[in-house]
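Printed here is work-v6.tsv (TSV, N, CA and C atoms):
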```tsv
chain	number	residue	atom	x	y	z
A	1	MET	N	-14.33	19.11	-2.20
A	1	MET	CA	-13.60	19.80	-1.16
A	1	MET	C	-12.66	18.83	-0.46
A	2	ARG	N	-11.60	19.39	0.06
A	2	ARG	CA	-10.56	18.58	0.65
A	2	ARG	C	-10.59	18.59	2.19
A	3	HIS	N	-11.71	18.85	2.78
A	3	HIS	CA	-11.78	18.98	4.22
A	3	HIS	C	-11.54	17.64	4.91
A	4	ARG	N	-10.70	17.65	5.92
A	4	ARG	CA	-10.43	16.51	6.81
A	4	ARG	C	-9.82	15.30	6.11
A	5	LEU	N	-9.24	15.47	4.95
A	5	LEU	CA	-8.53	14.38	4.30
A	5	LEU	C	-7.08	14.45	4.75
A	6	SER	N	-6.57	13.34	5.26
A	6	SER	CA	-5.26	13.41	5.91
A	6	SER	C	-4.14	12.74	5.12
A	7	ASN	N	-4.44	11.95	4.12
A	7	ASN	CA	-3.35	11.23	3.46
A	7	ASN	C	-2.67	12.08	2.39
A	8	ASN	N	-1.39	11.85	2.26
A	8	ASN	CA	-0.56	12.54	1.30
A	8	ASN	C	-0.41	11.62	0.08
A	9	LYS	N	-0.35	12.18	-1.11
A	9	LYS	CA	-0.28	11.34	-2.31
A	9	LYS	C	1.12	10.80	-2.57
A	10	LEU	N	2.15	11.45	-2.04
A	10	LEU	CA	3.54	11.01	-2.18
A	10	LEU	C	3.96	10.88	-3.64
A	11	SER	N	3.35	11.62	-4.53
A	11	SER	CA	3.68	11.63	-5.96
A	11	SER	C	3.62	10.25	-6.61
A	12	ARG	N	2.64	9.46	-6.21
A	12	ARG	CA	2.51	8.10	-6.73
A	12	ARG	C	1.04	7.78	-6.99
A	13	PRO	N	0.78	6.85	-7.91
A	13	PRO	CA	-0.59	6.34	-8.04
A	13	PRO	C	-0.99	5.56	-6.78
A	14	SER	N	-2.25	5.34	-6.60
A	14	SER	CA	-2.73	4.75	-5.35
A	14	SER	C	-2.16	3.35	-5.10
A	15	SER	N	-2.02	2.54	-6.14
A	15	SER	CA	-1.50	1.19	-5.93
A	15	SER	C	-0.03	1.22	-5.51
A	16	GLN	N	0.75	2.09	-6.12
A	16	GLN	CA	2.16	2.21	-5.73
A	16	GLN	C	2.30	2.78	-4.32
A	17	ARG	N	1.43	3.72	-3.98
A	17	ARG	CA	1.47	4.32	-2.65
A	17	ARG	C	1.13	3.28	-1.58
A	18	LYS	N	0.15	2.45	-1.86
A	18	LYS	CA	-0.23	1.41	-0.91
A	18	LYS	C	0.90	0.39	-0.75
A	19	ALA	N	1.55	0.03	-1.84
A	19	ALA	CA	2.67	-0.91	-1.78
A	19	ALA	C	3.84	-0.30	-1.02
A	20	LEU	N	4.10	0.98	-1.24
A	20	LEU	CA	5.18	1.66	-0.54
A	20	LEU	C	4.93	1.66	0.96
A	21	LEU	N	3.71	1.99	1.36
A	21	LEU	CA	3.39	2.02	2.79
A	21	LEU	C	3.44	0.63	3.40
A	22	ARG	N	3.01	-0.39	2.66
A	22	ARG	CA	3.12	-1.76	3.15
A	22	ARG	C	4.57	-2.13	3.41
A	23	ASN	N	5.44	-1.79	2.45
A	23	ASN	CA	6.86	-2.11	2.60
A	23	ASN	C	7.50	-1.34	3.74
A	24	LEU	N	7.15	-0.07	3.89
A	24	LEU	CA	7.71	0.72	4.99
A	24	LEU	C	7.30	0.15	6.34
A	25	VAL	N	6.02	-0.19	6.48
A	25	VAL	CA	5.53	-0.74	7.75
A	25	VAL	C	6.15	-2.11	8.01
A	26	SER	N	6.25	-2.95	6.99
A	26	SER	CA	6.86	-4.27	7.16
A	26	SER	C	8.32	-4.16	7.56
A	27	ASP	N	9.06	-3.27	6.92
A	27	ASP	CA	10.47	-3.09	7.27
A	27	ASP	C	10.63	-2.53	8.67
A	28	ALA	N	9.76	-1.62	9.07
A	28	ALA	CA	9.84	-1.07	10.42
A	28	ALA	C	9.58	-2.15	11.46
A	29	ILE	N	8.68	-3.07	11.16
A	29	ILE	CA	8.39	-4.16	12.09
A	29	ILE	C	9.56	-5.13	12.15
A	30	MET	N	10.11	-5.48	11.01
A	30	MET	CA	11.20	-6.47	10.99
A	30	MET	C	12.50	-5.92	11.56
A	31	TYR	N	12.86	-4.70	11.22
A	31	TYR	CA	14.17	-4.18	11.58
A	31	TYR	C	14.13	-3.19	12.74
A	32	GLY	N	12.94	-2.80	13.17
A	32	GLY	CA	12.83	-1.92	14.31
A	32	GLY	C	13.05	-0.45	14.00
A	33	ARG	N	13.72	-0.15	12.93
A	33	ARG	CA	14.05	1.22	12.57
A	33	ARG	C	14.25	1.28	11.06
A	34	ILE	N	13.79	2.35	10.44
A	34	ILE	CA	13.99	2.53	9.00
A	34	ILE	C	14.46	3.95	8.74
A	35	LYS	N	15.09	4.15	7.61
A	35	LYS	CA	15.52	5.48	7.19
A	35	LYS	C	14.72	5.84	5.95
A	36	THR	N	13.96	6.92	6.04
A	36	THR	CA	13.10	7.33	4.94
A	36	THR	C	12.88	8.84	5.02
A	37	THR	N	12.12	9.37	4.09
A	37	THR	CA	11.84	10.80	4.12
A	37	THR	C	10.78	11.11	5.17
A	38	LYS	N	10.70	12.37	5.55
A	38	LYS	CA	9.76	12.76	6.59
A	38	LYS	C	8.30	12.58	6.13
A	39	ALA	N	8.02	12.88	4.87
A	39	ALA	CA	6.65	12.75	4.36
A	39	ALA	C	6.20	11.29	4.37
A	40	LYS	N	7.08	10.39	3.96
A	40	LYS	CA	6.74	8.96	3.96
A	40	LYS	C	6.57	8.45	5.38
A	41	ALA	N	7.41	8.92	6.29
A	41	ALA	CA	7.32	8.50	7.68
A	41	ALA	C	6.02	8.98	8.32
A	42	LYS	N	5.60	10.19	7.96
A	42	LYS	CA	4.36	10.72	8.51
A	42	LYS	C	3.15	9.92	8.03
A	43	GLU	N	3.23	9.37	6.84
A	43	GLU	CA	2.13	8.55	6.33
A	43	GLU	C	2.16	7.13	6.91
A	44	ALA	N	3.35	6.59	7.15
A	44	ALA	CA	3.46	5.22	7.63
A	44	ALA	C	3.23	5.09	9.13
A	45	ARG	N	3.48	6.16	9.88
A	45	ARG	CA	3.42	6.09	11.34
A	45	ARG	C	2.05	5.66	11.88
A	46	PRO	N	0.92	6.28	11.45
A	46	PRO	CA	-0.36	5.84	12.00
A	46	PRO	C	-0.70	4.38	11.67
A	47	ILE	N	-0.27	3.93	10.51
A	47	ILE	CA	-0.52	2.54	10.13
A	47	ILE	C	0.27	1.61	11.03
A	48	LEU	N	1.53	1.94	11.25
A	48	LEU	CA	2.39	1.13	12.12
A	48	LEU	C	1.85	1.09	13.54
A	49	GLU	N	1.40	2.22	14.05
A	49	GLU	CA	0.85	2.26	15.40
A	49	GLU	C	-0.40	1.40	15.51
A	50	LYS	N	-1.23	1.42	14.48
A	50	LYS	CA	-2.44	0.60	14.50
A	50	LYS	C	-2.09	-0.89	14.47
A	51	MET	N	-1.08	-1.27	13.68
A	51	MET	CA	-0.66	-2.67	13.62
A	51	MET	C	-0.13	-3.14	14.98
A	52	ILE	N	0.66	-2.31	15.64
A	52	ILE	CA	1.20	-2.69	16.95
A	52	ILE	C	0.09	-2.75	17.99
A	53	THR	N	-0.86	-1.84	17.93
A	53	THR	CA	-1.99	-1.87	18.86
A	53	THR	C	-2.81	-3.14	18.65
A	54	LEU	N	-3.03	-3.52	17.41
A	54	LEU	CA	-3.77	-4.76	17.13
A	54	LEU	C	-3.00	-5.98	17.62
A	55	SER	N	-1.68	-5.93	17.56
A	55	SER	CA	-0.89	-7.10	17.94
A	55	SER	C	-0.84	-7.31	19.45
A	56	LYS	N	-1.25	-6.31	20.23
A	56	LYS	CA	-1.25	-6.46	21.69
A	56	LYS	C	-2.29	-7.48	22.13
A	57	THR	N	-3.40	-7.58	21.42
A	57	THR	CA	-4.39	-8.61	21.71
A	57	THR	C	-4.19	-9.73	20.70
A	58	LYS	N	-3.77	-10.87	21.17
A	58	LYS	CA	-3.39	-11.95	20.25
A	58	LYS	C	-4.57	-12.87	19.95
A	59	ASP	N	-5.65	-12.31	19.48
A	59	ASP	CA	-6.77	-13.14	19.09
A	59	ASP	C	-6.80	-13.30	17.57
A	60	PHE	N	-7.65	-14.18	17.13
A	60	PHE	CA	-7.70	-14.53	15.72
A	60	PHE	C	-8.08	-13.34	14.85
A	61	ASN	N	-9.01	-12.52	15.35
A	61	ASN	CA	-9.46	-11.37	14.57
A	61	ASN	C	-8.33	-10.35	14.37
A	62	SER	N	-7.50	-10.16	15.38
A	62	SER	CA	-6.37	-9.22	15.25
A	62	SER	C	-5.37	-9.71	14.22
A	63	ILE	N	-5.09	-11.00	14.24
A	63	ILE	CA	-4.16	-11.58	13.27
A	63	ILE	C	-4.72	-11.40	11.86
A	64	ARG	N	-6.01	-11.57	11.72
A	64	ARG	CA	-6.65	-11.42	10.42
A	64	ARG	C	-6.59	-9.99	9.91
A	65	LYS	N	-6.84	-9.03	10.81
A	65	LYS	CA	-6.80	-7.61	10.44
A	65	LYS	C	-5.40	-7.20	10.00
A	66	VAL	N	-4.38	-7.65	10.75
A	66	VAL	CA	-3.00	-7.31	10.41
A	66	VAL	C	-2.62	-7.97	9.09
A	67	SER	N	-3.06	-9.21	8.89
A	67	SER	CA	-2.72	-9.94	7.67
A	67	SER	C	-3.37	-9.34	6.42
A	68	GLU	N	-4.43	-8.58	6.59
A	68	GLU	CA	-5.03	-7.89	5.45
A	68	GLU	C	-4.08	-6.86	4.87
A	69	PHE	N	-3.34	-6.19	5.75
A	69	PHE	CA	-2.44	-5.14	5.29
A	69	PHE	C	-1.04	-5.67	5.02
A	70	ILE	N	-0.51	-6.48	5.92
A	70	ILE	CA	0.84	-7.03	5.77
A	70	ILE	C	0.69	-8.46	5.26
A	71	THR	N	1.12	-8.70	4.05
A	71	THR	CA	0.88	-9.99	3.42
A	71	THR	C	1.97	-11.02	3.72
A	72	ASP	N	3.13	-10.60	4.20
A	72	ASP	CA	4.22	-11.52	4.49
A	72	ASP	C	3.99	-12.17	5.86
A	73	LYS	N	3.83	-13.49	5.88
A	73	LYS	CA	3.50	-14.19	7.11
A	73	LYS	C	4.62	-14.10	8.14
A	74	SER	N	5.87	-14.08	7.70
A	74	SER	CA	6.97	-14.00	8.66
A	74	SER	C	6.97	-12.66	9.39
A	75	VAL	N	6.56	-11.60	8.72
A	75	VAL	CA	6.48	-10.28	9.36
A	75	VAL	C	5.34	-10.27	10.38
A	76	VAL	N	4.22	-10.87	10.03
A	76	VAL	CA	3.08	-10.94	10.95
A	76	VAL	C	3.46	-11.76	12.19
A	77	ASP	N	4.13	-12.88	11.99
A	77	ASP	CA	4.57	-13.70	13.12
A	77	ASP	C	5.54	-12.93	14.01
A	78	HIS	N	6.47	-12.23	13.40
A	78	HIS	CA	7.44	-11.44	14.16
A	78	HIS	C	6.73	-10.34	14.96
A	79	LEU	N	5.73	-9.73	14.36
A	79	LEU	CA	4.97	-8.68	15.04
A	79	LEU	C	4.27	-9.23	16.28
A	80	PHE	N	3.59	-10.35	16.14
A	80	PHE	CA	2.81	-10.88	17.26
A	80	PHE	C	3.69	-11.56	18.31
A	81	GLU	N	4.82	-12.12	17.93
A	81	GLU	CA	5.65	-12.83	18.90
A	81	GLU	C	6.65	-11.92	19.59
A	82	ASN	N	7.32	-11.05	18.86
A	82	ASN	CA	8.43	-10.28	19.43
A	82	ASN	C	8.08	-8.82	19.68
A	83	VAL	N	7.51	-8.17	18.72
A	83	VAL	CA	7.31	-6.72	18.82
A	83	VAL	C	6.21	-6.39	19.82
A	84	ALA	N	5.14	-7.14	19.83
A	84	ALA	CA	4.00	-6.83	20.71
A	84	ALA	C	4.40	-6.90	22.18
A	85	GLU	N	5.32	-7.80	22.53
A	85	GLU	CA	5.74	-7.94	23.92
A	85	GLU	C	6.45	-6.68	24.42
A	86	LYS	N	7.16	-5.99	23.53
A	86	LYS	CA	7.88	-4.78	23.92
A	86	LYS	C	6.92	-3.64	24.25
A	87	PHE	N	5.75	-3.63	23.62
A	87	PHE	CA	4.85	-2.49	23.74
A	87	PHE	C	3.60	-2.78	24.56
A	88	LEU	N	3.58	-3.86	25.31
A	88	LEU	CA	2.38	-4.20	26.08
A	88	LEU	C	2.03	-3.13	27.11
A	89	GLU	N	3.02	-2.58	27.79
A	89	GLU	CA	2.76	-1.60	28.84
A	89	GLU	C	2.74	-0.17	28.33
A	90	ARG	N	3.26	0.07	27.15
A	90	ARG	CA	3.36	1.44	26.62
A	90	ARG	C	2.06	1.87	25.98
A	91	LYS	N	1.81	3.17	26.06
A	91	LYS	CA	0.68	3.73	25.33
A	91	LYS	C	1.14	4.39	24.05
A	92	VAL	N	2.29	5.07	24.10
A	92	VAL	CA	2.86	5.70	22.91
A	92	VAL	C	3.81	4.70	22.27
A	93	VAL	N	3.63	4.44	20.98
A	93	VAL	CA	4.36	3.38	20.32
A	93	VAL	C	5.60	3.89	19.61
A	94	THR	N	5.48	4.91	18.79
A	94	THR	CA	6.60	5.36	17.97
A	94	THR	C	7.14	6.69	18.48
A	95	GLN	N	8.33	7.00	18.06
A	95	GLN	CA	8.94	8.29	18.41
A	95	GLN	C	9.42	8.96	17.15
A	96	GLU	N	9.57	10.27	17.21
A	96	GLU	CA	10.00	11.02	16.02
A	96	GLU	C	11.49	11.02	15.88
```
Structure translated into structure tokens:
Amino acid sequence: MRHRLSNNKLSRPSSQRKALLRNLVSDAIMYGRIKTTKAKAKEARPILEKMITLSKTKDFNSIRKVSEFITDKSVVDHLFENVAEKFLERKVVTQE
């Protein structure tokens, strides 16, 4: 049964889907804005929000959790140094 399953397959195998979402989230962090389809954006948004929420607390465990998903060190550094400062006071991170 498919009850309470929220992820969309995006017409890709699981490894390609995971790579696509990694790239979308990394690009959104680096460039602040991306242009993509609505279905892909709906899948990437919760991941991006979780990464930004983790980056608000700059402890070692948060860096480790973010680095599990985003493998590019420059993107992780940019997230913790620049992006997290913008969202410290906000509760809602992304907009439609």
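The coordinates place atom C of A:Val66 at 8.8 Å from atom C of A:Leu54.
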**Report entry** helix (DSSP H, G or I) residues, from DSSP on the backbone, in stretch 5-87 of chain A, as an MDAnalysis selection string
**Finding:** chainID A and resid 14:31 38:56 60:69 73:86
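With atom CA of A:Phe60 on one side and atom C of A:Ala19 on the other, the separation reads 24.8 Å.
Restricting the calculation to only C-alpha atoms, the smallest distance between A:Leu21 and any of A:Ala41, A:Asn61, A:Arg90, A:Arg4 is found for A:Ala41.
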Query raised in the report: Which residues, written as a PyMOL selection string, have at least one atom at most 8 Å from A:Val83, with all atoms listed in the file counted and residues fewer than 4 positions away on the same chain left out?
Result: chain A and resi 29+52+55-56+77-79+87-88
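For the residues A:Ala44, A:Val75, A:Ala84, A:Ala39, ranking by smallest atom-to-atom distance to A:Ser11 using only C-alpha atoms places A:Ala39 first.
Closest to A:Asn82 among A:Lys9, A:His3, A:Lys58, A:Arg45 is A:Lys58, based on only C-alpha atoms.
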Query raised in the report: What is the distance between atom C of A:Glu68 and atom C of A:Lys50, in Å to one decimal?
Result: 11.5 Å
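In this comparison, which uses all atoms listed in the file, the residue of A:Thr53, A:Thr37, A:Phe69, A:Lys91 approaching A:Asn23 most closely is A:Phe69.
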